[in-house]
Amino acid sequence: MGFQTILAAYDKSEVATRAVGQALDLAASIPGSQVYVVLVLPDFRAALGYGGLGKGALLSASAVMFDESSIRNLEESATRREKEEIDSLIGDSIRESAAHVNVEVVYNLKPALGILDFAEKHGCDLIVMGAHGLNPLGGLLGSASYAVLHAPSVPVMVVK
Amino acid sequence: MKYRTVLVAYDESEASHRAIRAAVDLVADDGTAHLHVISVIPSMEENYAYAGFGGEVAGGNPNIIFDTETLEKLQDAIAEGELKKMKEQVSDDVAPVRNSVTLEIAYGTNPATGILSYVESNGCDLIVIGSRGLGVLRGMLGSVSYSVIRSSPVPVLVIK
């Protein structure tokens, strides 16, 4: 019994690294369970003001215009680069763990929404995250952690 | 399993029953992990601002004057009643781990300090709590849970 599909939110911070460690240890002790290590990056479409209207006209005042396929290319290269960096940071502990692990990069303007959306799509039954991310305010709960904690249904483990 | 001594805080709410069942799942398959289920009651000495000066009241409610002995008797009587009630209410939840569970009353000026001082004195390595206590909207994070998450030295698993 116990948790089967565990999402470990990762933002490269030290506390997130500890959160991933907790998720791996927990999953290693639960037969048949798996871990998704999820990094949320800013959504290019939203960040660039792309509204998805017509052929990709940019809605913001920027001089740059992107169509859907160049945005997809941007995301793909960013995903590749981020996965390489994640591998250099925590790849060893993932490989040493007995847990079944997938590393995923998702795009959302709000880290909390990216995490919750991924959890819903993949049927995650536990979210493990650091108490605060890269921008800690003296041990206070970070905004992403706070938002995920406020969302209904999925249990959340907060790691210090 | 990674966790040796798991603490669950019980307050008669549905979320705290779910928290107990989640914690039971975590320790059930492990022969060495131990579960503590606690209910926190107000510590009277602090609540009545009793300073222990020969029965004098140092502050707080001036209408109530207790000496140490009376206070202890009163507190013991309340604790005994609470423990009995908790045992009845959680016996089904903890049945799968009945040989490795301790049911206990903890004291604190508020539930969060009661939980955290119990964690410290018993060397617990994981706290499991409901996101909300009695009588409030499900899915929102309660103030007790929030305080515990903020101040806990160990991971906190929040069950909704």
# chains A, B, ... in the order shown; residues from 1 in each chain; ligands from 1
$ interface_residues --of "chain B" --to "chain A" --cutoff "12 Å" --atoms "only C-alpha atoms" --output "ChimeraX atom specification"
/B:1-3,15,18-19,21-30,96,125-132,137-143,145-160
$ atom_distance --atom1 "atom CA of B:His17" --atom2 "atom CA of B:Gly123"
22.7 Å
$ atom_distance --atom1 "atom CA of B:Ala79" --atom2 "atom CA of B:His34"
22.1 Å
$ closest_residue --among "B:Ser91, B:Asn99, B:Asn122, B:Ser16" --to "B:Thr32" --atoms "only C-alpha atoms"
B:Asn99
$ select_by_dssp --residues "chain A" --states "alpha helix (DSSP H)" --output "MDAnalysis selection string"
chainID A and resid 14:28 44:47 68:96 111:121 143:150
$ residues_around --residues "stretch 82-90 of chain B" --least-positions-apart "4" --cutoff "8 Å" --atoms "only C-alpha atoms" --output "list in words"
Glu12, His17, Ser39, Ile78, Val94, Leu103, Glu104 and Ile105 of chain B
$ write_last_selection --atoms "C-alpha atoms" --output "PDB file, in the first residue's frame"
ATOM      1  CA  GLU B  12     -11.265  14.433  15.918  1.00  0.00           C
ATOM      2  CA  HIS B  17      -8.606  10.456  10.594  1.00  0.00           C
ATOM      3  CA  SER B  39      -3.976  14.674  20.813  1.00  0.00           C
ATOM      4  CA  ILE B  78      -8.689  15.904  31.434  1.00  0.00           C
ATOM      5  CA  VAL B  94      -4.728   2.095  13.831  1.00  0.00           C
ATOM      6  CA  LEU B 103      -1.559   6.760  21.682  1.00  0.00           C
ATOM      7  CA  GLU B 104      -0.715   9.705  23.866  1.00  0.00           C
ATOM      8  CA  ILE B 105      -1.819  13.105  25.103  1.00  0.00           C
TER       9      ILE B 105
END
